[in-house]
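A.B. asks: Data file data01.cif (mmCIF, C-alpha atoms and all ligand atoms) is appended below.
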data_model
#
loop_
_atom_site.label_atom_id
_atom_site.label_comp_id
_atom_site.auth_asym_id
_atom_site.auth_seq_id
_atom_site.Cartn_x
_atom_site.Cartn_y
_atom_site.Cartn_z
CA MET A 68 -0.28 -56.96 -17.08
CA ILE A 69 2.93 -56.17 -18.90
CA ALA A 70 4.98 -59.07 -20.26
CA ASN A 71 8.39 -57.68 -19.31
CA LEU A 72 11.17 -59.75 -20.84
CA ALA A 73 13.40 -59.28 -17.80
CA GLU A 74 10.68 -60.56 -15.47
CA LEU A 75 9.45 -63.50 -17.56
CA THR A 76 10.90 -66.99 -17.26
CA SER A 77 12.39 -68.57 -20.34
CA PRO A 78 9.35 -70.83 -21.07
CA GLU A 79 7.02 -67.87 -20.46
CA THR A 80 9.04 -65.86 -22.99
CA ALA A 81 8.70 -68.60 -25.60
CA GLU A 82 4.94 -68.68 -24.99
CA ALA A 83 4.61 -64.90 -25.13
CA VAL A 84 6.54 -64.64 -28.40
CA ALA A 85 4.58 -67.55 -29.92
CA ARG A 86 1.33 -65.85 -28.94
CA SER A 87 2.37 -62.44 -30.26
CA PRO A 88 5.71 -62.09 -32.10
CA LEU A 89 5.87 -58.42 -31.26
CA ALA A 90 8.36 -56.53 -29.07
CA VAL A 91 8.36 -52.94 -27.80
CA LEU A 92 11.60 -51.28 -26.65
CA PRO A 93 11.98 -47.92 -24.89
CA LEU A 94 14.87 -45.66 -25.96
CA GLY A 95 15.90 -42.65 -23.91
CA SER A 96 18.94 -40.91 -22.51
CA VAL A 97 20.67 -39.98 -19.27
CA GLU A 98 21.65 -36.33 -19.48
CA GLN A 99 21.41 -33.09 -17.52
CA HIS A 100 17.89 -31.65 -17.43
CA GLY A 101 18.49 -28.46 -15.45
CA PRO A 102 18.15 -28.03 -11.67
CA HIS A 103 14.59 -29.39 -11.48
CA LEU A 104 14.43 -32.67 -13.44
CA PRO A 105 16.33 -35.96 -13.09
CA ASN A 106 19.01 -36.94 -15.59
CA GLY A 107 16.95 -39.93 -16.67
CA THR A 108 13.92 -37.87 -17.75
CA ASP A 109 13.93 -39.09 -21.35
CA THR A 110 14.29 -42.74 -20.35
CA MET A 111 11.47 -42.46 -17.81
CA ALA A 112 9.19 -40.92 -20.43
CA ALA A 113 10.08 -43.57 -23.01
CA GLU A 114 9.48 -46.37 -20.50
CA LEU A 115 6.04 -45.09 -19.50
CA ILE A 116 4.86 -44.85 -23.10
CA ALA A 117 6.54 -48.07 -24.26
CA GLN A 118 5.01 -50.07 -21.41
CA ALA A 119 1.53 -48.72 -22.18
CA VAL A 120 1.98 -49.46 -25.89
CA ALA A 121 3.27 -52.98 -25.19
CA GLU A 122 0.38 -53.70 -22.88
CA ARG A 123 -2.24 -52.51 -25.37
CA LEU A 124 -0.62 -54.44 -28.25
CA GLY A 125 -0.17 -57.59 -26.16
CA ALA A 126 3.54 -57.34 -27.00
CA VAL A 127 6.63 -58.26 -25.02
CA TYR A 128 8.16 -55.21 -23.32
CA VAL A 129 11.93 -55.32 -23.63
CA PRO A 130 13.96 -53.10 -21.26
CA PHE A 131 16.85 -51.61 -23.17
CA GLY A 132 18.98 -49.71 -20.67
CA PRO A 133 18.85 -46.03 -19.86
CA TYR A 134 21.59 -44.54 -22.04
CA GLY A 135 21.47 -42.83 -25.41
CA VAL A 136 23.49 -40.74 -27.83
CA THR A 137 23.73 -37.26 -26.37
CA PRO A 138 26.91 -35.41 -27.29
CA ILE A 139 25.09 -32.07 -26.99
CA HIS A 140 24.90 -32.50 -23.19
CA ALA A 141 28.36 -34.04 -22.77
CA GLY A 142 30.49 -32.55 -19.99
CA HIS A 143 27.57 -31.63 -17.73
CA PRO A 144 27.40 -33.58 -14.45
CA GLY A 145 24.86 -36.37 -14.88
CA THR A 146 25.25 -36.81 -18.63
CA ILE A 147 26.36 -40.20 -19.91
CA ASN A 148 26.91 -40.00 -23.65
CA LEU A 149 27.15 -43.21 -25.64
CA ARG A 150 29.14 -43.04 -28.84
CA ARG A 151 26.91 -43.70 -31.83
CA GLU A 152 28.82 -46.93 -32.53
CA THR A 153 28.19 -48.15 -28.96
CA PHE A 154 24.48 -47.37 -29.06
CA GLU A 155 24.03 -48.87 -32.51
CA ALA A 156 25.96 -52.01 -31.57
CA LEU A 157 23.86 -52.44 -28.41
CA LEU A 158 20.57 -51.89 -30.23
CA THR A 159 21.66 -54.21 -33.05
CA ASP A 160 22.54 -57.00 -30.62
CA VAL A 161 19.36 -56.68 -28.56
CA CYS A 162 17.11 -56.62 -31.64
CA THR A 163 18.99 -59.48 -33.33
CA GLU A 164 18.53 -61.64 -30.23
CA LEU A 165 14.80 -60.84 -30.23
CA ILE A 166 14.50 -61.77 -33.90
CA ARG A 167 16.33 -65.07 -33.25
CA MET A 168 13.80 -65.69 -30.48
CA GLY A 169 10.98 -65.44 -33.00
CA VAL A 170 10.02 -61.78 -32.76
CA GLN A 171 8.86 -60.52 -36.16
CA THR A 172 7.80 -56.95 -35.39
CA LEU A 173 9.87 -54.50 -33.35
CA VAL A 174 8.55 -51.17 -32.16
CA LEU A 175 11.17 -48.68 -30.96
CA VAL A 176 9.59 -46.08 -28.68
CA ASN A 177 12.00 -43.18 -28.41
CA TRP A 178 12.01 -40.00 -26.32
CA HIS A 179 15.38 -38.55 -27.25
CA GLU A 180 16.16 -36.74 -30.45
CA GLY A 181 19.86 -37.64 -30.34
CA ASN A 182 18.94 -41.32 -30.87
CA ILE A 183 16.94 -40.82 -34.05
CA ALA A 184 19.67 -41.14 -36.68
CA SER A 185 21.09 -44.25 -34.98
CA MET A 186 17.77 -46.00 -34.40
CA ASN A 187 16.78 -45.45 -38.02
CA ALA A 188 20.11 -46.83 -39.22
CA VAL A 189 19.84 -49.95 -37.05
CA ALA A 190 16.18 -50.54 -37.94
CA THR A 191 16.75 -50.34 -41.68
CA ASN A 192 19.91 -52.48 -41.52
CA LEU A 193 18.21 -55.24 -39.56
CA GLN A 194 14.96 -55.13 -41.51
CA ASP A 195 17.04 -55.58 -44.65
CA ARG A 196 18.99 -58.50 -43.14
CA PHE A 197 16.17 -60.38 -41.42
CA ASP A 198 12.53 -61.23 -41.98
CA ALA A 199 11.33 -58.65 -39.46
CA ALA A 200 9.57 -55.30 -39.60
CA PHE A 201 10.62 -52.27 -37.56
CA PHE A 202 8.48 -49.32 -36.55
CA ALA A 203 9.78 -46.10 -34.99
CA VAL A 204 7.80 -44.02 -32.52
CA GLN A 205 9.12 -40.55 -31.68
CA ALA A 206 6.96 -40.28 -28.58
CA CYS A 207 8.28 -36.81 -27.66
CA TYR A 208 6.97 -35.45 -30.97
CA THR A 209 3.63 -37.16 -30.42
CA ALA A 210 3.44 -35.51 -27.00
CA GLN A 211 4.26 -32.17 -28.57
CA ARG A 212 1.45 -32.62 -31.09
CA VAL A 213 -1.19 -33.62 -28.54
CA TYR A 214 -0.31 -30.94 -25.98
CA ARG A 215 0.31 -28.03 -28.34
CA GLN A 216 -3.27 -26.75 -28.27
CA ASP A 217 -3.20 -26.93 -24.48
CA GLY A 218 -0.09 -24.73 -24.30
CA GLY A 219 2.38 -27.59 -23.72
CA GLU A 220 5.83 -27.20 -25.23
CA LEU A 221 8.49 -29.78 -25.98
CA THR A 222 11.60 -27.94 -24.84
CA HIS A 223 14.58 -29.42 -23.03
CA GLY A 224 13.48 -29.51 -19.38
CA GLY A 225 10.26 -27.59 -20.10
CA GLY A 226 6.55 -28.26 -19.58
CA ILE A 227 6.08 -31.58 -21.40
CA GLU A 228 9.26 -33.15 -20.01
CA THR A 229 8.33 -32.04 -16.51
CA LEU A 230 4.90 -33.60 -17.05
CA ALA A 231 6.47 -36.92 -18.04
CA VAL A 232 8.51 -37.10 -14.83
CA LEU A 233 5.51 -36.02 -12.78
CA ALA A 234 3.67 -38.98 -14.29
CA TYR A 235 6.61 -41.31 -13.63
CA ASP A 236 7.30 -40.27 -10.03
CA PRO A 237 6.35 -36.82 -8.66
CA VAL A 238 9.04 -37.07 -5.97
CA LEU A 239 11.65 -36.58 -8.70
CA VAL A 240 10.29 -33.21 -9.87
CA LYS A 241 11.72 -30.10 -8.17
CA THR A 242 9.83 -27.34 -9.96
CA ASP A 243 10.58 -24.83 -7.20
CA ARG A 244 14.28 -25.03 -8.11
CA ALA A 245 13.60 -24.01 -11.70
CA GLY A 246 12.64 -20.44 -10.82
CA GLU A 247 10.70 -18.42 -13.36
CA PRO A 248 9.87 -19.89 -16.79
CA THR A 249 12.79 -19.17 -19.11
CA ARG A 250 12.65 -18.38 -22.78
CA PRO A 251 16.06 -17.40 -24.13
CA PRO A 252 15.71 -15.24 -27.24
CA GLY A 253 15.82 -17.41 -30.35
CA ALA A 254 15.65 -20.76 -28.53
CA LEU A 255 12.25 -21.73 -29.95
CA ALA A 256 13.43 -20.79 -33.44
CA MET A 257 16.55 -22.96 -32.95
CA ASP A 258 14.37 -25.90 -31.87
CA ARG A 259 12.18 -25.42 -34.95
CA MET A 260 15.33 -25.26 -37.06
CA ARG A 261 16.69 -28.59 -35.87
CA ARG A 262 13.33 -30.37 -35.92
CA SER A 263 12.21 -29.44 -39.42
CA HIS A 264 11.76 -32.28 -41.91
CA GLU A 265 12.70 -30.16 -44.90
CA VAL A 266 15.56 -27.77 -44.39
CA TYR A 267 17.30 -27.96 -41.06
CA GLY A 268 20.45 -27.19 -39.14
CA PHE A 269 22.13 -28.86 -36.17
CA ILE A 270 22.91 -28.15 -32.55
CA THR A 271 26.06 -29.70 -31.17
CA ASP A 272 26.05 -28.10 -27.72
CA VAL A 273 23.02 -27.35 -25.58
CA SER A 274 24.38 -23.87 -24.79
CA GLU A 275 23.48 -22.93 -28.38
CA LEU A 276 19.85 -23.28 -27.23
CA ALA A 277 20.04 -21.98 -23.67
CA ASP A 278 22.93 -20.93 -21.43
CA GLY A 279 21.47 -22.77 -18.45
CA GLY A 280 21.08 -26.02 -20.41
CA TRP A 281 17.28 -25.98 -20.39
CA TYR A 282 14.34 -23.68 -21.05
CA GLY A 283 10.58 -23.60 -20.92
CA ASP A 284 7.84 -23.51 -18.35
CA PRO A 285 7.94 -26.46 -15.91
CA ARG A 286 4.91 -25.05 -14.08
CA TRP A 287 2.70 -25.93 -17.04
CA ALA A 288 2.97 -29.52 -15.77
CA THR A 289 0.17 -30.02 -13.26
CA PRO A 290 -0.75 -33.17 -11.31
CA GLU A 291 -4.10 -33.28 -13.18
CA ARG A 292 -2.36 -33.33 -16.55
CA ALA A 293 0.23 -35.81 -15.26
CA GLU A 294 -2.47 -38.26 -14.26
CA GLN A 295 -3.56 -38.48 -17.91
CA PHE A 296 -0.07 -38.25 -19.48
CA THR A 297 0.61 -41.92 -20.18
CA LYS A 298 -2.85 -42.61 -21.53
CA THR A 299 -3.06 -39.40 -23.59
CA VAL A 300 0.29 -39.90 -25.29
CA SER A 301 0.08 -43.69 -25.70
CA ASP A 302 -3.44 -43.44 -27.20
CA ALA A 303 -2.11 -41.00 -29.80
CA VAL A 304 0.94 -43.20 -30.46
CA LEU A 305 -1.25 -46.29 -30.88
CA SER A 306 -3.60 -44.72 -33.37
CA SER A 307 -0.66 -43.56 -35.53
CA LEU A 308 1.12 -46.88 -35.10
CA GLU A 309 -1.92 -48.90 -36.13
CA ALA A 310 -2.29 -46.78 -39.28
CA VAL A 311 1.40 -47.23 -40.17
CA MET A 312 1.28 -50.99 -39.51
CA ARG A 313 -1.86 -51.29 -41.63
CA ALA A 314 -0.11 -49.54 -44.52
CA ARG A 315 2.65 -52.15 -44.49
CA THR A 316 0.20 -55.05 -44.21
CA ILE A 317 -1.94 -53.85 -47.12
CA ARG A 318 1.11 -53.60 -49.35
CA ARG A 319 2.48 -56.99 -48.25
CA ASP A 320 -0.83 -58.81 -48.71
CA ASP A 321 -1.12 -57.30 -52.16
CA ARG A 322 2.09 -58.90 -53.38
ZN ZN B 401 14.76 -34.66 -22.29
#
For this file, write the structure as structure tokens.
C.D. replies:
Amino acid sequence: MIANLAELTSPETAEAVARSPLAVLPLGSVEQHGPHLPNGTDTMAAELIAQAVAERLGAVYVPFGPYGVTPIHAGHPGTINLRRETFEALLTDVCTELIRMGVQTLVLVNWHEGNIASMNAVATNLQDRFDAAFFAVQACYTAQRVYRQDGGELTHGGGIETLAVLAYDPVLVKTDRAGEPTRPPGALAMDRMRRSHEVYGFITDVSELADGGWYGDPRWATPERAEQFTKTVSDAVLSSLEAVMRARTIRRDDR
């Protein structure tokens, strides 16, 4: 059973936090995802993984709200772009309230690349200000890692994102409207460019990647794969998360 902050009573919340001072928040985005996927794809994916992680950790699951920082999709019907200041202020307030409630460890489970700079800024600011530890999970990158050998690609609106929505609610996936798999020349190279950890460039409008606003192969997402999606990705997230948490604990206990 998931201890969802919005569903708990106040005394139940106090008990849950006293039992395990750990909170997990999903971060996503509402933005166009082509003709075949819902605008809330990233938020749905983040929620699935965050709920599974919270359940396994015995943590409180804290709904955050669907919106993220997504200027690259601004202007397309369905996109709601939060200014960075808005998103950072919202995340700061939510996390500060959790810390005041007694939460000591906050895990931000993100499925939207546009949120990364802001979530890192908020996490480091608050960890510096309060006696709390933050951990970041880029669940979309974990999914990319675990599905790569199986031919799954993390592209905007492509196979892995289609799989996430199929896992969330198959009714929302309209693969037949996507037509043939699309692979605009250079799009993969552009994605590699912006995702590198060493030398990288930026994309400020999705049309730089693909004229239609998405690319990839939605048909890679099958119901069989979707059935395992949440477990496959959350298992991988948890094993990395436990290793990262252990690293902090070892260092802290040593001091
Ligand atoms: Zn997406």
A.B. asks: For A:Glu247, find every residue with an atom within 12 Å (counting all atoms listed in the file), except residues of its own chain fewer than 4 positions away, and show them as a compact mmCIF listing (two decimals) with C-alpha atoms, in the coordinates of the input.
C.D. replies:
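Output (out-v9.txt):
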# COMPACT_ATOMS: atom_id res chain seq x y z
CA HIS A 103 14.59 -29.39 -11.48
CA GLY A 225 10.26 -27.59 -20.10
CA THR A 242 9.83 -27.34 -9.96
CA ASP A 243 10.58 -24.83 -7.20
CA TYR A 282 14.34 -23.68 -21.05
CA GLY A 283 10.58 -23.60 -20.92
CA ASP A 284 7.84 -23.51 -18.35
CA PRO A 285 7.94 -26.46 -15.91
CA ARG A 286 4.91 -25.05 -14.08
CA TRP A 287 2.70 -25.93 -17.04
A.B. asks: Just want the residues within 6 Å of ligand ZN 401 (chain B), written as a ChimeraX atom specification, counting all atoms listed in the file.
C.D. replies: /A:108-109,223
A.B. asks: Could you tell me which of A:Ile183, A:Ile139, A:Ile166, A:Ala119 comes closest to A:Asp272 if we count all atoms listed in the file?
C.D. replies: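 When distances to A:Asp272 are compared using all atoms listed in the file, the smallest one comes from A:Ile139.
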A.B. asks: Using only C-alpha atoms, list the residues that have an atom at most 12 Å from (18.9, -58.7, -41.1), coordinates as in the file, as a ChimeraX atom specification.
C.D. replies: /A:159-160,162-167,171,189-201
A.B. asks: List every residue of stretch 234-288 of chain A that has an atom at most 12 Å from any atom of stretch 294-301 of chain A, and for each one report the closest atom pair and its distance in Å to one decimal, counting all atoms listed in the file, with rows sorted by chain and then by increasing residue number, as CSV.
C.D. replies:
residue,atom,partner,partner_atom,distance
A:Ala234,CA,A:Glu294,CA,6.2
A:Tyr235,CA,A:Thr297,CA,8.9
A:Asp236,CA,A:Glu294,CA,10.8
A:Pro237,CA,A:Glu294,CA,10.5
A:Ala288,CA,A:Phe296,CA,10.0
A.B. asks: From the list A:Pro130, A:Pro105, A:Pro138, A:Pro88, which residue is nearest A:Ile270 when using all atoms listed in the file?
C.D. replies: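 Answer, going by the shortest atom-to-atom distance: A:Pro138.
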A.B. asks: Quick one: of A:Glu180, A:Asp321, A:Asp302, A:Glu220, who's nearest to A:Thr110, counting all atoms listed in the file?
C.D. replies: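 The answer is A:Glu180, which sits nearest to A:Thr110.
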A.B. asks: Near A:Gly125, counting only C-alpha atoms, which residues have an atom at most 9 Å away, once you skip same-chain residues fewer than 2 positions from it, shown as a short mmCIF file (atom, residue, chain, number, x, y, z; two decimals) with C-alpha atoms, in the coordinates of the input?
C.D. replies:
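For reference, result-v2.cif as written:
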data_model
loop_
_atom_site.label_atom_id
_atom_site.label_comp_id
_atom_site.auth_asym_id
_atom_site.auth_seq_id
_atom_site.Cartn_x
_atom_site.Cartn_y
_atom_site.Cartn_z
CA ILE A 69 2.93 -56.17 -18.90
CA ALA A 70 4.98 -59.07 -20.26
CA ALA A 83 4.61 -64.90 -25.13
CA ARG A 86 1.33 -65.85 -28.94
CA SER A 87 2.37 -62.44 -30.26
CA LEU A 89 5.87 -58.42 -31.26
CA VAL A 120 1.98 -49.46 -25.89
CA ALA A 121 3.27 -52.98 -25.19
CA GLU A 122 0.38 -53.70 -22.88
CA ARG A 123 -2.24 -52.51 -25.37
CA VAL A 127 6.63 -58.26 -25.02
#
A.B. asks: Tell me which of A:Thr222, A:Thr229, A:Asn177, A:Asn182 sits closest to A:Val304, counting all atoms listed in the file.
C.D. replies: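 The shortest atom-to-atom distance to A:Val304 comes from A:Asn177.
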A.B. asks: Under the rule that all atoms listed in the file are counted, which of A:Ala188, A:Ala303, A:Val97, A:Leu276 is the nearest residue to A:Ala141?
C.D. replies: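 Closest to A:Ala141, using all atoms listed in the file: A:Val97.
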A.B. asks: Please report the interatomic distance between atom CA of A:Val91 and atom CA of A:Val129 in Å with one decimal.
C.D. replies: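 Computing it gives 6.0 Å between the two atoms.
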A.B. asks: Take the point (17.7, -35.0, -17.1) as written in the file and pick out every residue within 12 Å of it, counting all atoms listed in the file; give the list as a PyMOL selection string.
C.D. replies: chain A and resi 95-112+133-134+137+140+143-147+178-179+223-225+228-229+231-232+239-241+280-281
A.B. asks: For a quick check of understanding, using all atoms listed in the file, which of A:Ala156, A:Ala184, A:Leu173, A:Ile116 has the smallest distance to A:Ala206?
C.D. replies: A:Ile116
A.B. asks: Atom CA of A:Val238 to atom CA of A:Thr289: how many Å, to one decimal?
C.D. replies: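 Separation between atom CA of A:Val238 and atom CA of A:Thr289: 13.5 Å.
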A.B. asks: Please provide the set of residues having any atom within 9 Å of A:Phe131, restricted to all atoms listed in the file, with same-chain residues fewer than 5 positions apart removed, written as a list in words.
C.D. replies: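 In the requested form, the answer reads Leu92, Pro93, Leu94, Leu157, Leu158 and Val161 of chain A.
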A.B. asks: Could you tell me how far atom CA of A:Glu265 lies from atom CA of A:Val174, in Å and to one decimal?
C.D. replies: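 If I compute the distance from atom CA of A:Glu265 to atom CA of A:Val174, I get 24.9 Å.
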A.B. asks: Edge lengths and centre, in Å to one decimal, as AutoDock Vina command-line options: that's what I need for the box along x, y and z that holds all listed atoms of stretch 312-315 of chain A plus 3 Å on each side.
C.D. replies:
--center_x 0.4 --center_y -50.8 --center_z -42.0 --size_x 10.5 --size_y 8.6 --size_z 11.0
